[in-house]
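Source file: target.cif (mmCIF, C-alpha atoms)
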```
data_work
loop_
_atom_site.label_atom_id
_atom_site.label_comp_id
_atom_site.auth_asym_id
_atom_site.auth_seq_id
_atom_site.Cartn_x
_atom_site.Cartn_y
_atom_site.Cartn_z
CA MET P 1 76.43 143.18 60.94
CA THR P 2 74.46 144.65 63.83
CA PRO P 3 76.10 145.97 67.01
CA THR P 4 74.57 143.00 68.80
CA ASP P 5 76.59 140.62 66.63
CA ASP P 6 79.71 142.61 67.43
CA GLU P 7 78.93 142.39 71.12
CA ALA P 8 78.30 138.68 70.89
CA ARG P 9 81.56 138.11 69.06
CA GLY P 10 83.41 140.27 71.56
CA TYR P 11 81.93 138.25 74.38
CA ALA P 12 82.83 134.95 72.73
CA ASN P 13 86.39 136.17 72.11
CA GLY P 14 86.63 137.28 75.72
CA ARG P 15 85.50 133.86 76.94
CA ALA P 16 87.90 132.03 74.64
CA ARG P 17 90.76 134.24 75.82
CA ARG P 18 89.77 133.66 79.44
CA ASP P 19 89.74 129.88 78.88
CA VAL P 20 93.22 129.97 77.35
CA ILE P 21 94.52 131.97 80.31
CA ILE P 22 92.97 129.55 82.80
CA ARG P 23 94.40 126.52 80.99
CA THR P 24 97.84 128.10 80.80
CA ALA P 25 97.79 129.20 84.44
CA SER P 26 96.74 125.70 85.43
CA GLU P 27 99.84 124.30 83.69
CA HIS P 28 102.11 126.83 85.37
CA PHE P 29 100.66 126.24 88.83
CA ALA P 30 101.00 122.48 88.32
CA GLU P 31 104.65 122.73 87.28
CA ARG P 32 105.94 125.48 89.54
CA GLY P 33 103.33 125.93 92.24
CA PHE P 34 101.23 129.02 92.82
CA VAL P 35 103.87 130.85 94.87
CA SER P 36 106.61 130.61 92.22
CA ALA P 37 104.46 131.12 89.14
CA THR P 38 104.31 134.70 87.85
CA ILE P 39 101.60 136.65 86.02
CA LEU P 40 104.24 137.83 83.55
CA GLU P 41 105.25 134.30 82.54
CA ILE P 42 101.66 133.10 82.30
CA ALA P 43 100.78 136.09 80.12
CA ALA P 44 103.82 135.47 77.91
CA ALA P 45 102.85 131.81 77.49
CA CYS P 46 99.39 133.00 76.36
CA GLY P 47 101.00 135.41 73.91
CA ILE P 48 99.54 138.47 75.63
CA SER P 49 100.91 141.27 77.80
CA ARG P 50 100.76 141.44 81.57
CA ALA P 51 98.19 144.24 81.27
CA GLY P 52 96.22 142.11 78.83
CA LEU P 53 96.01 139.31 81.37
CA LEU P 54 95.12 141.67 84.22
CA HIS P 55 92.23 142.90 82.10
CA HIS P 56 90.66 139.45 82.61
CA PHE P 57 91.88 138.63 86.12
CA ALA P 58 92.59 141.26 88.76
CA ASP P 59 95.62 139.40 90.16
CA LYS P 60 97.31 136.01 90.54
CA GLU P 61 94.92 135.09 93.34
CA ALA P 62 91.86 135.72 91.17
CA LEU P 63 93.48 133.51 88.53
CA LEU P 64 94.08 130.75 91.08
CA HIS P 65 90.43 130.78 92.11
CA ALA P 66 89.35 130.66 88.45
CA VAL P 67 91.63 127.63 87.87
CA LEU P 68 90.23 125.78 90.88
CA GLU P 69 86.66 126.63 89.92
CA ALA P 70 87.20 125.36 86.37
CA ARG P 71 88.73 122.11 87.67
CA ASP P 72 85.85 121.66 90.12
CA GLU P 73 83.33 122.10 87.33
CA GLU P 74 85.04 119.46 85.19
CA ASP P 75 85.21 117.14 88.21
CA GLN P 76 81.55 117.69 88.95
CA GLU P 77 80.58 117.06 85.34
CA ARG P 78 82.27 113.67 85.49
CA PHE P 79 81.24 112.66 88.98
CA ALA P 80 77.59 113.78 89.15
CA PRO P 81 76.38 111.31 86.48
CA TYR P 82 77.66 108.42 88.64
CA VAL P 83 75.57 109.51 91.59
CA GLU P 84 72.57 110.25 89.39
CA ALA P 85 72.77 106.88 87.65
CA HIS P 86 73.74 104.67 90.58
CA GLY P 87 73.04 106.50 93.86
CA ALA P 88 75.34 105.83 96.80
CA ILE P 89 77.23 102.95 95.15
CA GLY P 90 77.92 105.42 92.33
CA VAL P 91 79.98 107.52 94.74
CA LEU P 92 82.42 104.62 95.23
CA ARG P 93 82.33 103.56 91.61
CA GLY P 94 82.85 107.15 90.48
CA MET P 95 85.89 107.55 92.72
CA VAL P 96 87.52 104.47 91.21
CA ASP P 97 86.73 105.42 87.61
CA LEU P 98 87.78 109.04 88.13
CA ALA P 99 91.09 107.95 89.62
CA ASP P 100 91.71 106.16 86.35
CA HIS P 101 90.50 109.07 84.26
CA ASN P 102 92.48 111.76 86.12
CA ARG P 103 95.71 110.00 85.30
CA LEU P 104 95.06 110.74 81.65
CA VAL P 105 94.44 114.48 82.03
CA PRO P 106 97.86 116.12 81.63
CA GLY P 107 98.85 118.15 84.67
CA LEU P 108 95.67 117.48 86.65
CA ILE P 109 97.20 115.35 89.40
CA GLU P 110 100.33 117.54 89.47
CA LEU P 111 98.09 120.57 90.00
CA PHE P 112 96.22 119.14 92.96
CA VAL P 113 99.25 117.55 94.61
CA ARG P 114 101.25 120.74 94.25
CA LEU P 115 98.57 123.21 95.25
CA SER P 116 97.16 121.23 98.15
CA ALA P 117 100.64 120.86 99.69
CA GLU P 118 101.32 124.59 99.29
CA ALA P 119 97.87 125.44 100.59
CA ALA P 120 98.54 123.68 103.88
CA ALA P 121 100.17 126.98 104.90
CA THR P 122 97.34 128.92 106.56
CA ASP P 123 98.21 132.16 104.73
CA HIS P 124 97.96 130.52 101.28
CA PRO P 125 95.07 131.92 99.22
CA ALA P 126 93.75 128.40 98.56
CA HIS P 127 93.94 127.26 102.19
CA ASP P 128 90.20 127.67 102.84
CA TYR P 129 89.37 126.16 99.47
CA PHE P 130 91.27 122.95 100.25
CA THR P 131 90.04 122.83 103.85
CA GLN P 132 86.46 122.92 102.58
CA ARG P 133 87.16 120.57 99.69
CA ASN P 134 88.69 117.96 102.00
CA GLU P 135 85.75 118.23 104.39
CA ARG P 136 83.21 118.03 101.58
CA ILE P 137 84.76 114.92 100.03
CA ARG P 138 85.11 113.17 103.39
CA ARG P 139 81.55 114.04 104.41
CA GLY P 140 80.10 112.93 101.07
CA THR P 141 82.00 109.66 101.17
CA ALA P 142 80.96 108.95 104.77
CA ARG P 143 77.32 109.68 103.90
CA ALA P 144 77.45 107.27 100.96
CA LEU P 145 79.00 104.54 103.14
CA VAL P 146 76.28 104.95 105.79
CA ALA P 147 73.57 104.75 103.10
CA LEU P 148 75.19 101.60 101.70
CA GLN P 149 75.40 100.07 105.18
CA ALA P 150 71.66 100.67 105.63
CA ARG P 151 71.06 98.70 102.42
CA GLY P 152 73.43 95.91 103.44
CA LEU P 153 75.91 96.70 100.66
CA VAL P 154 78.75 97.77 102.98
CA ARG P 155 79.90 95.86 106.07
CA ALA P 156 77.98 97.00 109.15
CA ASP P 157 81.12 97.02 111.33
CA LEU P 158 82.85 99.65 109.21
CA ASP P 159 83.39 103.04 110.90
CA ALA P 160 82.11 105.20 108.03
CA ARG P 161 83.78 108.45 109.11
CA SER P 162 87.14 106.82 109.59
CA ALA P 163 86.82 104.86 106.33
CA ALA P 164 85.99 108.07 104.46
CA LEU P 165 89.08 109.76 105.90
CA ARG P 166 91.23 106.78 104.95
CA LEU P 167 89.86 106.63 101.42
CA THR P 168 90.41 110.31 100.68
CA SER P 169 93.87 110.18 102.28
CA LEU P 170 94.71 107.09 100.27
CA MET P 171 93.64 108.86 97.08
CA ASP P 172 95.85 111.88 97.87
CA GLY P 173 98.78 109.67 98.83
CA LEU P 174 98.49 107.41 95.79
CA GLN P 175 98.47 110.42 93.50
CA LEU P 176 101.71 111.59 95.08
CA GLN P 177 103.28 108.12 94.76
CA TRP P 178 102.11 107.92 91.15
CA LEU P 179 103.94 111.13 90.27
CA PHE P 180 107.17 109.38 91.27
CA ASP P 181 106.30 105.96 89.91
CA SER P 182 103.90 105.71 86.98
CA GLU P 183 103.54 101.96 87.63
CA VAL P 184 101.30 102.79 90.59
CA ASP P 185 97.77 101.79 89.59
CA LEU P 186 95.52 104.26 91.41
CA ALA P 187 92.21 102.71 90.41
CA ARG P 188 93.31 99.19 91.26
CA GLU P 189 94.38 100.15 94.79
CA ILE P 190 91.23 102.13 95.51
CA ARG P 191 89.05 99.37 94.11
CA GLY P 192 90.96 96.94 96.33
CA VAL P 193 90.28 98.92 99.50
CA VAL P 194 86.64 99.57 98.63
CA GLY P 195 86.25 95.87 97.79
CA GLU P 196 87.17 94.95 101.36
CA TRP P 197 84.34 97.11 102.67
CA LEU P 198 81.63 95.77 100.37
CA THR P 199 79.44 92.80 101.26
CA PRO P 200 78.90 90.17 98.52
CA ALA P 201 75.70 92.02 97.52
CA GLY P 202 77.65 95.28 97.56
CA ARG P 203 80.30 93.85 95.28
CA GLU P 204 77.59 92.83 92.84
CA ALA P 205 76.06 96.30 92.92
CA PHE P 206 79.50 97.89 92.45
CA ASP P 207 80.27 95.74 89.40
CA ALA P 208 76.81 96.37 87.96
CA ALA P 209 77.27 100.16 88.24
CA LEU P 210 78.56 100.71 84.73
CA PRO P 211 80.91 103.57 83.91
CA VAL P 212 79.13 106.75 82.88
CA LEU P 213 82.20 108.83 82.13
CA ALA P 214 81.44 111.89 80.07
CA ALA P 215 83.88 112.13 77.13
CA MET Q 1 145.56 126.61 125.54
CA THR Q 2 147.25 124.51 122.86
CA PRO Q 3 146.56 124.92 119.16
CA THR Q 4 144.80 121.59 119.29
CA ASP Q 5 142.27 123.03 121.75
CA ASP Q 6 141.76 125.96 119.43
CA GLU Q 7 141.18 123.65 116.54
CA ALA Q 8 138.75 121.56 118.54
CA ARG Q 9 136.81 124.64 119.60
CA GLY Q 10 136.78 125.90 116.02
CA TYR Q 11 135.44 122.57 114.85
CA ALA Q 12 132.74 122.50 117.54
CA ASN Q 13 131.70 126.07 116.67
CA GLY Q 14 131.56 125.15 113.02
CA ARG Q 15 129.33 122.15 113.76
CA ALA Q 16 127.03 124.19 116.00
CA ARG Q 17 126.73 126.86 113.32
CA ARG Q 18 126.03 124.21 110.70
CA ASP Q 19 123.28 122.70 112.87
CA VAL Q 20 121.61 126.10 113.33
CA ILE Q 21 121.67 126.68 109.57
CA ILE Q 22 120.17 123.26 108.87
CA ARG Q 23 117.41 123.78 111.44
CA THR Q 24 116.60 127.22 110.10
CA ALA Q 25 116.63 126.07 106.48
CA SER Q 26 114.33 123.21 107.44
CA GLU Q 27 111.81 125.71 108.83
CA HIS Q 28 112.01 127.88 105.72
CA PHE Q 29 111.62 124.93 103.34
CA ALA Q 30 108.64 123.69 105.38
CA GLU Q 31 106.89 127.05 105.31
CA ARG Q 32 107.69 128.31 101.83
CA GLY Q 33 108.96 125.33 99.91
CA PHE Q 34 112.45 124.88 98.51
CA VAL Q 35 111.79 126.83 95.31
CA SER Q 36 110.60 130.01 97.06
CA ALA Q 37 113.00 129.97 100.00
CA THR Q 38 116.14 132.08 99.56
CA ILE Q 39 119.67 131.73 100.91
CA LEU Q 40 119.58 135.39 101.88
CA GLU Q 41 116.51 134.99 104.09
CA ILE Q 42 117.79 131.79 105.67
CA ALA Q 43 121.12 133.46 106.42
CA ALA Q 44 119.35 136.50 107.91
CA ALA Q 45 117.23 134.26 110.14
CA CYS Q 46 120.48 132.65 111.38
CA GLY Q 47 121.94 136.09 112.06
CA ILE Q 48 124.76 135.62 109.53
CA SER Q 49 125.57 137.00 106.09
CA ARG Q 50 124.90 135.28 102.79
CA ALA Q 51 128.65 134.72 102.40
CA GLY Q 52 128.78 133.34 105.92
CA LEU Q 53 126.16 130.75 105.03
CA LEU Q 54 127.82 129.89 101.72
CA HIS Q 55 131.01 129.17 103.68
CA HIS Q 56 129.18 126.16 105.15
CA PHE Q 57 127.00 125.14 102.19
CA ALA Q 58 127.95 125.72 98.58
CA ASP Q 59 124.39 126.54 97.48
CA LYS Q 60 120.69 126.12 98.26
CA GLU Q 61 120.75 122.61 96.83
CA ALA Q 62 123.58 121.52 99.15
CA LEU Q 63 121.54 122.93 102.03
CA LEU Q 64 118.47 120.97 100.91
CA HIS Q 65 120.44 117.72 100.87
CA ALA Q 66 121.85 118.48 104.33
CA VAL Q 67 118.31 119.09 105.64
CA LEU Q 68 117.02 115.82 104.19
CA GLU Q 69 120.03 113.90 105.49
CA ALA Q 70 119.56 115.31 108.99
CA ARG Q 71 115.86 114.40 108.96
CA ASP Q 72 116.67 110.90 107.73
CA GLU Q 73 119.16 110.42 110.53
CA GLU Q 74 116.61 111.45 113.16
CA ASP Q 75 114.04 109.16 111.54
CA GLN Q 76 116.47 106.28 111.51
CA GLU Q 77 117.42 106.85 115.15
CA ARG Q 78 113.78 106.53 116.14
CA PHE Q 79 112.82 103.71 113.81
CA ALA Q 80 115.81 101.35 114.02
CA PRO Q 81 115.27 100.46 117.71
CA TYR Q 82 111.79 99.16 116.85
CA VAL Q 83 113.17 96.74 114.30
CA GLU Q 84 116.07 95.76 116.58
CA ALA Q 85 113.76 95.15 119.53
CA HIS Q 86 110.81 93.56 117.76
CA GLY Q 87 111.85 92.40 114.29
CA ALA Q 88 109.26 92.55 111.49
CA ILE Q 89 106.33 93.40 113.76
CA GLY Q 90 108.46 96.33 114.95
CA VAL Q 91 108.26 97.79 111.43
CA LEU Q 92 104.48 98.11 111.74
CA ARG Q 93 104.57 99.17 115.36
CA GLY Q 94 107.27 101.74 114.61
CA MET Q 95 105.20 103.25 111.78
CA VAL Q 96 102.24 103.75 114.09
CA ASP Q 97 104.30 105.20 116.94
CA LEU Q 98 106.33 107.44 114.63
CA ALA Q 99 103.16 108.81 113.06
CA ASP Q 100 102.17 109.93 116.54
CA HIS Q 101 105.61 111.26 117.32
CA ASN Q 102 106.05 113.18 114.04
CA ARG Q 103 102.94 115.23 114.79
CA LEU Q 104 104.77 116.69 117.77
CA VAL Q 105 107.91 117.78 115.92
CA PRO Q 106 107.21 121.33 114.74
CA GLY Q 107 107.46 121.68 110.97
CA LEU Q 108 108.39 118.05 110.29
CA ILE Q 109 105.20 117.01 108.51
CA GLU Q 110 104.99 120.39 106.75
CA LEU Q 111 108.53 119.84 105.45
CA PHE Q 112 107.86 116.42 103.96
CA VAL Q 113 104.44 117.27 102.55
CA ARG Q 114 105.76 120.45 100.99
CA LEU Q 115 109.03 119.08 99.62
CA SER Q 116 107.67 115.79 98.33
CA ALA Q 117 104.94 117.59 96.35
CA GLU Q 118 107.49 120.01 94.88
CA ALA Q 119 109.90 117.18 94.18
CA ALA Q 120 107.38 115.41 91.98
CA ALA Q 121 108.69 117.71 89.24
CA THR Q 122 111.48 115.72 87.58
CA ASP Q 123 113.86 118.71 87.53
CA HIS Q 124 113.58 119.29 91.29
CA PRO Q 125 116.86 118.63 93.13
CA ALA Q 126 115.10 116.30 95.59
CA HIS Q 127 113.28 114.29 92.90
CA ASP Q 128 115.66 111.34 93.04
CA TYR Q 129 115.80 111.50 96.82
CA PHE Q 130 112.02 111.13 97.13
CA THR Q 131 111.83 108.51 94.37
CA GLN Q 132 114.34 106.38 96.26
CA ARG Q 133 112.80 107.12 99.65
CA ASN Q 134 109.34 106.04 98.46
CA GLU Q 135 110.74 102.85 96.96
CA ARG Q 136 112.77 102.07 100.06
CA ILE Q 137 109.82 102.52 102.44
CA ARG Q 138 107.50 100.48 100.23
CA ARG Q 139 110.05 97.70 99.80
CA GLY Q 140 110.86 97.58 103.53
CA THR Q 141 107.19 97.46 104.45
CA ALA Q 142 106.43 94.73 101.91
CA ARG Q 143 109.36 92.68 103.18
CA ALA Q 144 108.13 92.97 106.77
CA LEU Q 145 104.62 91.91 105.73
CA VAL Q 146 105.93 88.84 103.91
CA ALA Q 147 108.03 87.88 106.96
CA LEU Q 148 104.98 88.29 109.18
CA GLN Q 149 102.87 86.18 106.83
CA ALA Q 150 105.47 83.39 107.06
CA ARG Q 151 105.06 83.47 110.84
CA GLY Q 152 101.27 83.53 110.66
CA LEU Q 153 101.04 87.04 112.11
CA VAL Q 154 99.62 88.67 108.97
CA ARG Q 155 96.73 87.29 106.88
CA ALA Q 156 98.03 84.97 104.18
CA ASP Q 157 95.64 86.40 101.56
CA LEU Q 158 97.12 89.90 101.79
CA ASP Q 159 99.01 91.12 98.70
CA ALA Q 160 102.10 92.42 100.51
CA ARG Q 161 103.33 94.72 97.73
CA SER Q 162 99.95 96.32 97.26
CA ALA Q 163 99.42 96.63 101.03
CA ALA Q 164 102.81 98.33 101.39
CA LEU Q 165 101.92 100.81 98.67
CA ARG Q 166 98.58 101.53 100.32
CA LEU Q 167 100.10 101.98 103.76
CA THR Q 168 102.77 104.42 102.61
CA SER Q 169 100.21 106.30 100.48
CA LEU Q 170 97.82 106.42 103.41
CA MET Q 171 100.56 107.84 105.62
CA ASP Q 172 101.37 110.58 103.07
CA GLY Q 173 97.69 111.35 102.54
CA LEU Q 174 96.84 111.46 106.24
CA GLN Q 175 99.70 113.86 106.87
CA LEU Q 176 98.28 116.18 104.23
CA GLN Q 177 94.76 115.93 105.69
CA TRP Q 178 96.16 116.56 109.17
CA LEU Q 179 97.73 119.83 108.07
CA PHE Q 180 94.22 121.05 107.24
CA ASP Q 181 92.44 119.41 110.16
CA SER Q 182 94.37 118.77 113.35
CA GLU Q 183 91.57 116.47 114.56
CA VAL Q 184 92.84 113.81 112.15
CA ASP Q 185 94.42 111.08 114.28
CA LEU Q 186 97.25 109.71 112.13
CA ALA Q 187 98.28 106.88 114.46
CA ARG Q 188 94.71 105.72 115.06
CA GLU Q 189 93.99 105.40 111.33
CA ILE Q 190 97.21 103.59 110.56
CA ARG Q 191 96.74 101.26 113.50
CA GLY Q 192 93.21 100.61 112.23
CA VAL Q 193 94.39 99.59 108.76
CA VAL Q 194 97.27 97.48 110.08
CA GLY Q 195 94.87 95.86 112.56
CA GLU Q 196 92.78 94.54 109.67
CA TRP Q 197 95.82 92.78 108.23
CA LEU Q 198 96.95 91.12 111.44
CA THR Q 199 95.80 87.67 112.50
CA PRO Q 200 94.74 87.24 116.17
CA ALA Q 201 98.31 86.12 116.95
CA GLY Q 202 99.62 89.10 115.01
CA ARG Q 203 97.47 91.49 117.02
CA GLU Q 204 98.89 90.02 120.20
CA ALA Q 205 102.46 90.43 118.94
CA PHE Q 206 101.72 93.99 117.84
CA ASP Q 207 100.33 94.96 121.25
CA ALA Q 208 103.22 93.25 123.02
CA ALA Q 209 105.78 95.24 120.98
CA LEU Q 210 106.24 98.04 123.47
CA PRO Q 211 107.23 101.53 122.33
CA VAL Q 212 110.98 102.08 122.19
CA LEU Q 213 110.92 105.72 121.20
CA ALA Q 214 114.21 107.48 121.76
CA ALA Q 215 113.59 110.82 123.54
#
```

So, in terms of structure tokens, how does the structure I just supplied come out?
Amino acid sequence: MTPTDDEARGYANGRARRDVIIRTASEHFAERGFVSATILEIAAACGISRAGLLHHFADKEALLHAVLEARDEEDQERFAPYVEAHGAIGVLRGMVDLADHNRLVPGLIELFVRLSAEAAATDHPAHDYFTQRNERIRRGTARALVALQARGLVRADLDARSAALRLTSLMDGLQLQWLFDSEVDLAREIRGVVGEWLTPAGREAFDAALPVLAA
Amino acid sequence: MTPTDDEARGYANGRARRDVIIRTASEHFAERGFVSATILEIAAACGISRAGLLHHFADKEALLHAVLEARDEEDQERFAPYVEAHGAIGVLRGMVDLADHNRLVPGLIELFVRLSAEAAATDHPAHDYFTQRNERIRRGTARALVALQARGLVRADLDARSAALRLTSLMDGLQLQWLFDSEVDLAREIRGVVGEWLTPAGREAFDAALPVLAA
């Protein structure tokens, strides 16, 4: 075995360890919130020492950012194919399908509901992250609606900015309701609202945009 | 001064002290969440000792329930006159006006956003409270929509249960968005959605239902 193999194995081990820590931290933040979760408990749940964890992440804040980054990457991996395959109508179709998918990822909705509520406090380390995330989602949705209006797929009288705000708010609110009542059908409600905005041609395009969910 | 006067003054002092504790606890829960807030800090902010606070409330959980009860009473005082004055259309009108009003009560939206997200955890002491509150609001809204449909004020093709779920989710979601972006106009968005459900006669009735906000 050459030193290079050793290095490669060390690197792979380091990555695997990092991934376990991120997954575990994500669970803790989802269940207890960022403020109440402790590095010590997360480390213990990973079967390592506090110092062992701090070798990978400088502090709890660095861990929070790593968790959010990992979740964003997964989100992007699932959402991007919709836009690539279907363009602007894929944005709407992707939102509906992802709402359905997210329900099945343990702790995912809990994490975002919990952290975004905490992060409303301006001194929370994820405050800027959620401010930018909210803006980005609203802007992207509004842009897609305008593009669909230009192609006659969305009603011309719809105020795209306001509709985008309502859709993202509805998504956030439905996720919260769902945590209390698992009968709430996120995808059905979002599809219902989007359906009211689509023209007949838009509804056809929406239905024709087949799911492209990665795994 | 008779003993009865003394007793009365003691009772009034006790009530005033209780109210200060509830208000202070409400601020702490809104800013830090229930889990992170401590009895010691709340007591200190009231200028009393931990034991002094525990004389009024057995523990942090009792204090939480007192905070939620007080908020519910205020809510009810503002909302009930709408229903009394305007019947079913008053339910919709009251939701719009209260959304505007709530923005102006410092910490109120923060409190509900923060606590409801925390309370999604089934072992949270306010879990049942929020489960029942969500159900009650959805049921009341659905009932009002059905009554308005019977009178031709709301579109007959509207699925009242689904619309009620969407409206309450939208309200929760808009409150969250507003905490990150104070430009979000809660009342405008809710009025917009409700407006799409109303028939022309319904719109007239809605506009005629004048605000009856208590101070």

Care to translate the PyMOL selection byres ((chain Q) within 6 of (chain P)) into actual residues of this file, as a VMD selection string?
-> chain Q and resid 113 to 114 117 120 131 169 to 170 172 to 174 179 to 180

Once you count all atoms listed in the file, which residues end up no further than 9 Å from (87.5, 103.3, 88.2) in the file's frame, shown as an MDAnalysis selection string?
-> chainID P and resid 92:101 186:188 190:191 211

Go through P:Leu104, P:Leu210, P:Ile22, P:Val91 one by one, measure the shortest atom-to-atom distance of each to Val194 in chain P using only C-alpha atoms, and give the residue with the smallest value.
->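 Comparing P:Leu104, P:Leu210, P:Ile22, P:Val91 against Val194 in chain P, the winner is P:Val91.
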
Could you pull the residues within 9 Å of range 141-155 of chain P, counting all atoms listed in the file, minus those fewer than 5 positions along the same chain, as an MDAnalysis selection string?
-> chainID P and resid 87:92 136 160:165 167:168 196:205

Please, what distance in Å, to one decimal, runs between CA of Ala156 in chain Q and CA of Arg138 in chain Q?
-> 18.6 Å

Listed atoms of range 91-101 of chain Q boxed along x, y and z, 4 Å each side, centre and edge lengths in Å, one decimal, as JSON:
```
{"center_x": 105.2, "center_y": 104.5, "center_z": 114.4, "size_x": 14.1, "size_y": 21.5, "size_z": 13.9}
```

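A straight line drawn from CA of Cys46 in chain P to CA of Ile21 in chain P is 6.4 Å long.
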
Tell me which protein, DNA and RNA residues are within 12 Å of Arg23 in chain Q, counting all atoms listed in the file, leaving out same-chain ones fewer than 2 positions away, and put them as a VMD selection string.
-> chain Q and resid 16 to 21 25 to 30 42 to 43 45 to 46 63 to 64 66 to 71 106 to 108 111

Straight-line distance linking CA of Glu7 in chain P with CA of Ala58 in chain P, stated in Å to one decimal |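 That distance, rounded to one decimal, is 22.3 Å.
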
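Comparing P:Gly140, P:Pro81, P:Gly14, P:Gly195 by their smallest distance to Gly52 in chain P, the closest is P:Gly14 (using only C-alpha atoms).
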
Which residue out of Q:Thr38, Q:Glu61, Q:Arg50, Q:Asn13 has the minimum interatomic distance to Ala126 in chain Q when all atoms listed in the file are used?
->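 Selected residue with least distance to Ala126 in chain Q: Q:Glu61.
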